[in-house]
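Trainee: Below you'll find upload_27.txt; it's compact mmCIF, C-alpha atoms and all ligand atoms.
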# COMPACT_ATOMS: atom_id res chain seq x y z
CA MET A 1 -59.66 -2.80 10.11
CA THR A 2 -59.92 -4.57 13.42
CA LYS A 3 -57.01 -6.46 14.90
CA THR A 4 -58.80 -9.72 13.97
CA ASP A 5 -59.21 -8.60 10.35
CA ASN A 6 -55.51 -7.74 10.14
CA ALA A 7 -54.48 -11.10 11.60
CA SER A 8 -56.80 -12.92 9.22
CA LYS A 9 -55.51 -10.99 6.18
CA ALA A 10 -51.89 -11.70 7.15
CA LEU A 11 -52.71 -15.40 7.45
CA ILE A 12 -54.50 -15.48 4.08
CA ASP A 13 -51.55 -13.77 2.36
CA SER A 14 -49.10 -16.18 4.01
CA LEU A 15 -51.16 -19.23 2.99
CA ASN A 16 -51.39 -18.00 -0.59
CA ARG A 17 -47.59 -17.50 -0.74
CA LEU A 18 -47.15 -20.97 0.76
CA LEU A 19 -49.56 -22.43 -1.81
CA ALA A 20 -47.55 -20.80 -4.60
CA ASP A 21 -44.37 -22.33 -3.12
CA TYR A 22 -46.00 -25.77 -3.14
CA PHE A 23 -47.07 -25.48 -6.78
CA ALA A 24 -43.61 -24.23 -7.81
CA LEU A 25 -41.77 -26.96 -5.90
CA TYR A 26 -44.21 -29.56 -7.24
CA LEU A 27 -43.35 -28.61 -10.81
CA LYS A 28 -39.59 -28.44 -10.13
CA THR A 29 -39.67 -31.87 -8.48
CA LYS A 30 -41.66 -33.25 -11.40
CA SER A 31 -39.20 -31.70 -13.86
CA PHE A 32 -36.35 -33.45 -12.05
CA HIS A 33 -38.38 -36.70 -12.22
CA TRP A 34 -38.54 -36.21 -15.98
CA HIS A 35 -34.94 -35.08 -16.54
CA VAL A 36 -32.77 -36.95 -14.03
CA ALA A 37 -30.10 -39.16 -15.58
CA GLY A 38 -27.19 -41.28 -14.44
CA PRO A 39 -26.49 -44.53 -12.62
CA ARG A 40 -29.13 -43.85 -9.95
CA PHE A 41 -31.82 -42.97 -12.52
CA HIS A 42 -34.42 -45.49 -11.46
CA ASP A 43 -34.36 -44.75 -7.72
CA LEU A 44 -34.30 -40.98 -8.19
CA HIS A 45 -37.00 -41.05 -10.88
CA LEU A 46 -39.28 -42.84 -8.38
CA LEU A 47 -38.29 -40.76 -5.35
CA PHE A 48 -38.88 -37.45 -7.14
CA ASP A 49 -42.26 -38.68 -8.35
CA ALA A 50 -43.31 -39.71 -4.83
CA GLN A 51 -42.21 -36.32 -3.45
CA ALA A 52 -44.03 -34.44 -6.23
CA THR A 53 -47.23 -36.38 -5.49
CA GLU A 54 -46.92 -35.50 -1.79
CA LEU A 55 -46.45 -31.79 -2.58
CA PHE A 56 -49.38 -31.69 -5.00
CA ALA A 57 -51.68 -33.42 -2.53
CA LEU A 58 -51.32 -30.53 -0.06
CA THR A 59 -52.22 -27.81 -2.56
CA ASP A 60 -55.96 -28.46 -2.26
CA LEU A 61 -55.81 -28.49 1.54
CA ILE A 62 -53.95 -25.18 1.69
CA ALA A 63 -56.22 -23.48 -0.86
CA GLU A 64 -59.28 -24.60 1.08
CA ARG A 65 -57.80 -23.30 4.36
CA VAL A 66 -57.70 -19.90 2.60
CA ARG A 67 -61.36 -20.22 1.56
CA LYS A 68 -62.40 -21.34 5.06
CA ASN A 69 -60.74 -18.17 6.36
CA GLY A 70 -62.87 -16.10 3.98
CA GLY A 71 -60.10 -15.27 1.50
CA SER A 72 -59.66 -15.75 -2.21
CA THR A 73 -56.91 -18.10 -3.30
CA LEU A 74 -54.76 -18.61 -6.39
CA THR A 75 -56.38 -18.57 -9.81
CA SER A 76 -53.63 -19.00 -12.38
CA ILE A 77 -49.99 -19.73 -13.22
CA GLY A 78 -49.43 -15.96 -13.09
CA ALA A 79 -50.80 -15.82 -9.56
CA ILE A 80 -48.36 -18.56 -8.59
CA ALA A 81 -45.40 -16.86 -10.28
CA GLY A 82 -46.17 -13.57 -8.52
CA ARG A 83 -46.01 -15.13 -5.06
CA SER A 84 -43.68 -18.14 -5.11
CA ARG A 85 -40.35 -17.87 -3.29
CA ILE A 86 -39.03 -21.07 -4.90
CA ALA A 87 -36.58 -20.10 -7.65
CA ASP A 88 -37.27 -21.44 -11.14
CA GLN A 89 -34.84 -24.02 -12.46
CA ASP A 90 -35.16 -24.36 -16.22
CA SER A 91 -32.06 -26.45 -16.87
CA ALA A 92 -32.91 -29.95 -18.06
CA ALA A 93 -29.27 -31.06 -17.84
CA LEU A 94 -28.36 -30.82 -14.14
CA SER A 95 -26.43 -33.63 -12.48
CA ALA A 96 -28.42 -35.82 -10.12
CA GLU A 97 -26.38 -34.45 -7.17
CA VAL A 98 -27.24 -30.86 -8.02
CA MET A 99 -30.93 -31.76 -8.36
CA ILE A 100 -30.91 -33.49 -4.95
CA ALA A 101 -29.13 -30.58 -3.23
CA GLU A 102 -31.47 -28.01 -4.80
CA LEU A 103 -34.61 -29.90 -3.75
CA ALA A 104 -33.26 -30.32 -0.22
CA GLU A 105 -32.63 -26.57 0.01
CA ASP A 106 -36.06 -25.72 -1.41
CA ASN A 107 -37.76 -28.06 1.03
CA ARG A 108 -35.86 -26.36 3.88
CA SER A 109 -37.26 -23.04 2.64
CA LEU A 110 -40.71 -24.60 2.61
CA ILE A 111 -40.31 -25.58 6.27
CA ALA A 112 -39.60 -21.93 7.11
CA ALA A 113 -42.64 -20.83 5.08
CA VAL A 114 -44.87 -23.33 6.91
CA ARG A 115 -43.51 -22.05 10.24
CA GLU A 116 -44.47 -18.49 9.24
CA ALA A 117 -48.00 -19.59 8.27
CA LYS A 118 -48.38 -21.56 11.50
CA ALA A 119 -47.41 -18.54 13.61
CA LEU A 120 -49.89 -16.34 11.73
CA ALA A 121 -52.60 -19.01 12.12
CA GLY A 122 -51.98 -18.90 15.86
CA ALA A 123 -52.29 -15.11 15.86
CA ALA A 124 -55.53 -15.33 13.88
CA GLY A 125 -57.02 -18.05 16.09
CA ASP A 126 -57.11 -20.54 13.19
CA ASN A 127 -56.51 -23.74 15.14
CA ALA A 128 -57.13 -26.03 12.16
CA THR A 129 -54.35 -24.48 10.07
CA GLU A 130 -52.08 -24.30 13.10
CA GLY A 131 -52.53 -28.04 13.71
CA ALA A 132 -52.32 -29.10 10.05
CA ALA A 133 -49.08 -27.16 9.62
CA ASP A 134 -47.29 -29.67 11.87
CA ASP A 135 -48.04 -32.42 9.33
CA TRP A 136 -46.84 -30.17 6.49
CA THR A 137 -43.58 -29.64 8.41
CA ASP A 138 -43.17 -33.36 9.13
CA GLN A 139 -43.62 -34.22 5.45
CA ALA A 140 -41.09 -31.58 4.37
CA GLU A 141 -38.59 -32.75 7.00
CA GLN A 142 -38.94 -36.29 5.65
CA ARG A 143 -38.24 -35.08 2.12
CA VAL A 144 -35.13 -33.22 3.36
CA TRP A 145 -34.00 -36.32 5.24
CA PHE A 146 -34.44 -38.63 2.23
CA LEU A 147 -32.71 -36.16 -0.09
CA THR A 148 -29.75 -35.36 2.16
CA SER A 149 -29.27 -39.09 2.90
CA LEU A 150 -28.60 -39.57 -0.81
CA LEU A 151 -25.77 -37.04 -0.69
CA GLY A 152 -23.81 -39.22 1.78
FE FE B 201 -43.81 -40.07 -14.47
Can the structure in the file be given as C-alpha cells, please?
Mentor:
Amino acid sequence: MTKTDNASKALIDSLNRLLADYFALYLKTKSFHWHVAGPRFHDLHLLFDAQATELFALTDLIAERVRKNGGSTLTSIGAIAGRSRIADQDSAALSAEVMIAELAEDNRSLIAAVREAKALAGAAGDNATEGAADDWTDQAEQRVWFLTSLLG
C-alpha cells in the first residue's frame, strides 16, 4: 500500500466509526425523547427531538463522504453496533437530569471523534471532509451547550 492508500483507509475507517456513533446517538436521543418524564417534559421532549433530527441529518453526509473517498460504508444495525463508541442505554426510566448529563457526555465524545476524522481527512488530502467537520463540531458544541445549560 502506498502512503496515500494508508491515509485514505484510515480516514474511511474513522468516518465509518463516526457514522456509527451518529446513528447510536441518534437512537439514544430519540429514546430519551420518547421516555423523558417530569415537570420539564414538554421542553425536553422537543429539545431531544430537535437534537435527534440534527444528528440523523448528518448520517447521509458522512456516509457519502466515505463513498466519495472510494470506501464502502455501513450496511446494517450490526455494522453500527460493531463500530459505535456510544454506550447503549436501555433504561426507559432515567431521570431527566441523568438523560441530559448522559447526552452532554456523549456529544462531547462525538466532538473528539469528529476531531479525529478531521485530522485524518487532512492527512489524506480530503479538503471537503476537513471543512465539513467544522460544522459537525459546531453543531455538537451547540448540543452540549444547550444540554449543560439545563443542568444549571
Ligand atoms: Fe416524536
Trainee: Can you work out the spacing between atom CA of A:Ala123 and atom CA of A:Leu18 in Å, to one decimal?
Mentor: 17.0 Å
Trainee: Show me which residues line ligand FE 201 (chain B), defined as having an atom within 12 Å of a ligand atom where all atoms listed in the file count, and present them as an NGL selection string.
Mentor: :A and (29-36 or 42 or 44-53)
Trainee: At a cut-off of 10 Å, using all atoms listed in the file, what residues contact A:Ala87? Leave out same-chain residues fewer than 6 positions from it and give the result as number ranges by chain.
Mentor: A: 21, 24-25, 28, 81, 102, 106
Trainee: Any idea what the distance is between atom CA of A:Lys9 and atom CA of A:Gly71?
Mentor: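 If I compute the distance from atom CA of A:Lys9 to atom CA of A:Gly71, I get 7.8 Å.
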Trainee: Out of A:Phe23, A:Arg67, A:Asn127, A:Ala93, which residue has the shortest atom-to-atom distance to A:Ile80 when counting all atoms listed in the file?
Mentor: A:Phe23
Trainee: Pull the neighbourhood of (-25.9, -31.6, -14.4) for me: all residues within 12 Å in file coordinates, counting all atoms listed in the file, as a PDB file with C-alpha atoms, in the frame of the given file.
Mentor:
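Just written: part.pdb:
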ATOM      1  CA  PHE A  32     -36.350 -33.450 -12.050  1.00  0.00           C
ATOM      2  CA  HIS A  35     -34.940 -35.080 -16.540  1.00  0.00           C
ATOM      3  CA  VAL A  36     -32.770 -36.950 -14.030  1.00  0.00           C
ATOM      4  CA  ALA A  37     -30.100 -39.160 -15.580  1.00  0.00           C
ATOM      5  CA  GLY A  38     -27.190 -41.280 -14.440  1.00  0.00           C
ATOM      6  CA  GLN A  89     -34.840 -24.020 -12.460  1.00  0.00           C
ATOM      7  CA  ASP A  90     -35.160 -24.360 -16.220  1.00  0.00           C
ATOM      8  CA  SER A  91     -32.060 -26.450 -16.870  1.00  0.00           C
ATOM      9  CA  ALA A  92     -32.910 -29.950 -18.060  1.00  0.00           C
ATOM     10  CA  ALA A  93     -29.270 -31.060 -17.840  1.00  0.00           C
ATOM     11  CA  LEU A  94     -28.360 -30.820 -14.140  1.00  0.00           C
ATOM     12  CA  SER A  95     -26.430 -33.630 -12.480  1.00  0.00           C
ATOM     13  CA  ALA A  96     -28.420 -35.820 -10.120  1.00  0.00           C
ATOM     14  CA  GLU A  97     -26.380 -34.450  -7.170  1.00  0.00           C
ATOM     15  CA  VAL A  98     -27.240 -30.860  -8.020  1.00  0.00           C
ATOM     16  CA  MET A  99     -30.930 -31.760  -8.360  1.00  0.00           C
ATOM     17  CA  ILE A 100     -30.910 -33.490  -4.950  1.00  0.00           C
ATOM     18  CA  ALA A 101     -29.130 -30.580  -3.230  1.00  0.00           C
ATOM     19  CA  GLU A 102     -31.470 -28.010  -4.800  1.00  0.00           C
TER      20      GLU A 102
END
Trainee: Kindly output stretch 2-37 of chain A as a JSON list (two decimals), in the coordinates of the input, after building N, CA and C atoms.
Mentor:
[["chain", "number", "residue", "atom", "x", "y", "z"],
["A", 2, "THR", "N", -60.14, -4.13, 12.04],
["A", 2, "THR", "CA", -59.92, -4.57, 13.42],
["A", 2, "THR", "C", -58.63, -5.40, 13.48],
["A", 3, "LYS", "N", -58.20, -5.64, 14.70],
["A", 3, "LYS", "CA", -57.01, -6.46, 14.90],
["A", 3, "LYS", "C", -57.24, -7.87, 14.32],
["A", 4, "THR", "N", -58.47, -8.39, 14.50],
["A", 4, "THR", "CA", -58.80, -9.72, 13.97],
["A", 4, "THR", "C", -58.72, -9.73, 12.46],
["A", 5, "ASP", "N", -59.26, -8.68, 11.82],
["A", 5, "ASP", "CA", -59.21, -8.60, 10.35],
["A", 5, "ASP", "C", -57.77, -8.59, 9.86],
["A", 6, "ASN", "N", -56.92, -7.82, 10.54],
["A", 6, "ASN", "CA", -55.51, -7.74, 10.14],
["A", 6, "ASN", "C", -54.81, -9.09, 10.29],
["A", 7, "ALA", "N", -55.10, -9.79, 11.38],
["A", 7, "ALA", "CA", -54.48, -11.10, 11.60],
["A", 7, "ALA", "C", -54.96, -12.09, 10.55],
["A", 8, "SER", "N", -56.23, -12.01, 10.20],
["A", 8, "SER", "CA", -56.80, -12.92, 9.22],
["A", 8, "SER", "C", -56.22, -12.63, 7.83],
["A", 9, "LYS", "N", -56.08, -11.36, 7.50],
["A", 9, "LYS", "CA", -55.51, -10.99, 6.18],
["A", 9, "LYS", "C", -54.06, -11.45, 6.08],
["A", 10, "ALA", "N", -53.31, -11.27, 7.15],
["A", 10, "ALA", "CA", -51.89, -11.70, 7.15],
["A", 10, "ALA", "C", -51.80, -13.21, 6.96],
["A", 11, "LEU", "N", -52.70, -13.95, 7.60],
["A", 11, "LEU", "CA", -52.71, -15.40, 7.45],
["A", 11, "LEU", "C", -53.06, -15.80, 6.01],
["A", 12, "ILE", "N", -54.08, -15.17, 5.45],
["A", 12, "ILE", "CA", -54.50, -15.48, 4.08],
["A", 12, "ILE", "C", -53.36, -15.21, 3.10],
["A", 13, "ASP", "N", -52.69, -14.09, 3.25],
["A", 13, "ASP", "CA", -51.55, -13.77, 2.36],
["A", 13, "ASP", "C", -50.44, -14.81, 2.52],
["A", 14, "SER", "N", -50.16, -15.20, 3.75],
["A", 14, "SER", "CA", -49.10, -16.18, 4.01],
["A", 14, "SER", "C", -49.47, -17.53, 3.40],
["A", 15, "LEU", "N", -50.72, -17.95, 3.56],
["A", 15, "LEU", "CA", -51.16, -19.23, 2.99],
["A", 15, "LEU", "C", -51.11, -19.20, 1.47],
["A", 16, "ASN", "N", -51.46, -18.07, 0.87],
["A", 16, "ASN", "CA", -51.39, -18.00, -0.59],
["A", 16, "ASN", "C", -49.94, -18.03, -1.09],
["A", 17, "ARG", "N", -49.02, -17.40, -0.37],
["A", 17, "ARG", "CA", -47.59, -17.50, -0.74],
["A", 17, "ARG", "C", -47.10, -18.94, -0.58],
["A", 18, "LEU", "N", -47.54, -19.58, 0.52],
["A", 18, "LEU", "CA", -47.15, -20.97, 0.76],
["A", 18, "LEU", "C", -47.71, -21.88, -0.35],
["A", 19, "LEU", "N", -48.95, -21.64, -0.74],
["A", 19, "LEU", "CA", -49.56, -22.43, -1.81],
["A", 19, "LEU", "C", -48.77, -22.27, -3.11],
["A", 20, "ALA", "N", -48.36, -21.04, -3.41],
["A", 20, "ALA", "CA", -47.55, -20.80, -4.60],
["A", 20, "ALA", "C", -46.22, -21.55, -4.51],
["A", 21, "ASP", "N", -45.62, -21.57, -3.33],
["A", 21, "ASP", "CA", -44.37, -22.33, -3.12],
["A", 21, "ASP", "C", -44.60, -23.81, -3.40],
["A", 22, "TYR", "N", -45.71, -24.34, -2.92],
["A", 22, "TYR", "CA", -46.00, -25.77, -3.14],
["A", 22, "TYR", "C", -46.16, -26.07, -4.63],
["A", 23, "PHE", "N", -46.90, -25.23, -5.34],
["A", 23, "PHE", "CA", -47.07, -25.48, -6.78],
["A", 23, "PHE", "C", -45.71, -25.41, -7.49],
["A", 24, "ALA", "N", -44.90, -24.41, -7.14],
["A", 24, "ALA", "CA", -43.61, -24.23, -7.81],
["A", 24, "ALA", "C", -42.67, -25.41, -7.51],
["A", 25, "LEU", "N", -42.65, -25.85, -6.25],
["A", 25, "LEU", "CA", -41.77, -26.96, -5.90],
["A", 25, "LEU", "C", -42.30, -28.28, -6.47],
["A", 26, "TYR", "N", -43.62, -28.38, -6.57],
["A", 26, "TYR", "CA", -44.21, -29.56, -7.24],
["A", 26, "TYR", "C", -43.68, -29.66, -8.67],
["A", 27, "LEU", "N", -43.74, -28.55, -9.39],
["A", 27, "LEU", "CA", -43.35, -28.61, -10.81],
["A", 27, "LEU", "C", -41.84, -28.84, -10.95],
["A", 28, "LYS", "N", -41.04, -28.21, -10.06],
["A", 28, "LYS", "CA", -39.59, -28.44, -10.13],
["A", 28, "LYS", "C", -39.27, -29.91, -9.84],
["A", 29, "THR", "N", -39.93, -30.47, -8.84],
["A", 29, "THR", "CA", -39.67, -31.87, -8.48],
["A", 29, "THR", "C", -40.09, -32.79, -9.62],
["A", 30, "LYS", "N", -41.19, -32.46, -10.26],
["A", 30, "LYS", "CA", -41.66, -33.25, -11.40],
["A", 30, "LYS", "C", -40.68, -33.11, -12.58],
["A", 31, "SER", "N", -40.18, -31.90, -12.79],
["A", 31, "SER", "CA", -39.20, -31.70, -13.86],
["A", 31, "SER", "C", -37.96, -32.56, -13.62],
["A", 32, "PHE", "N", -37.52, -32.62, -12.35],
["A", 32, "PHE", "CA", -36.35, -33.45, -12.05],
["A", 32, "PHE", "C", -36.68, -34.93, -12.24],
["A", 33, "HIS", "N", -37.91, -35.32, -11.93],
["A", 33, "HIS", "CA", -38.38, -36.70, -12.22],
["A", 33, "HIS", "C", -38.25, -36.98, -13.71],
["A", 34, "TRP", "N", -38.58, -36.02, -14.53],
["A", 34, "TRP", "CA", -38.54, -36.21, -15.98],
["A", 34, "TRP", "C", -37.11, -36.18, -16.53],
["A", 35, "HIS", "N", -36.24, -35.36, -15.92],
["A", 35, "HIS", "CA", -34.94, -35.08, -16.54],
["A", 35, "HIS", "C", -33.74, -35.75, -15.88],
["A", 36, "VAL", "N", -33.93, -36.36, -14.71],
["A", 36, "VAL", "CA", -32.77, -36.95, -14.03],
["A", 36, "VAL", "C", -32.16, -38.04, -14.91],
["A", 37, "ALA", "N", -30.82, -38.15, -14.80],
["A", 37, "ALA", "CA", -30.10, -39.16, -15.58],
["A", 37, "ALA", "C", -28.90, -39.62, -14.77]]
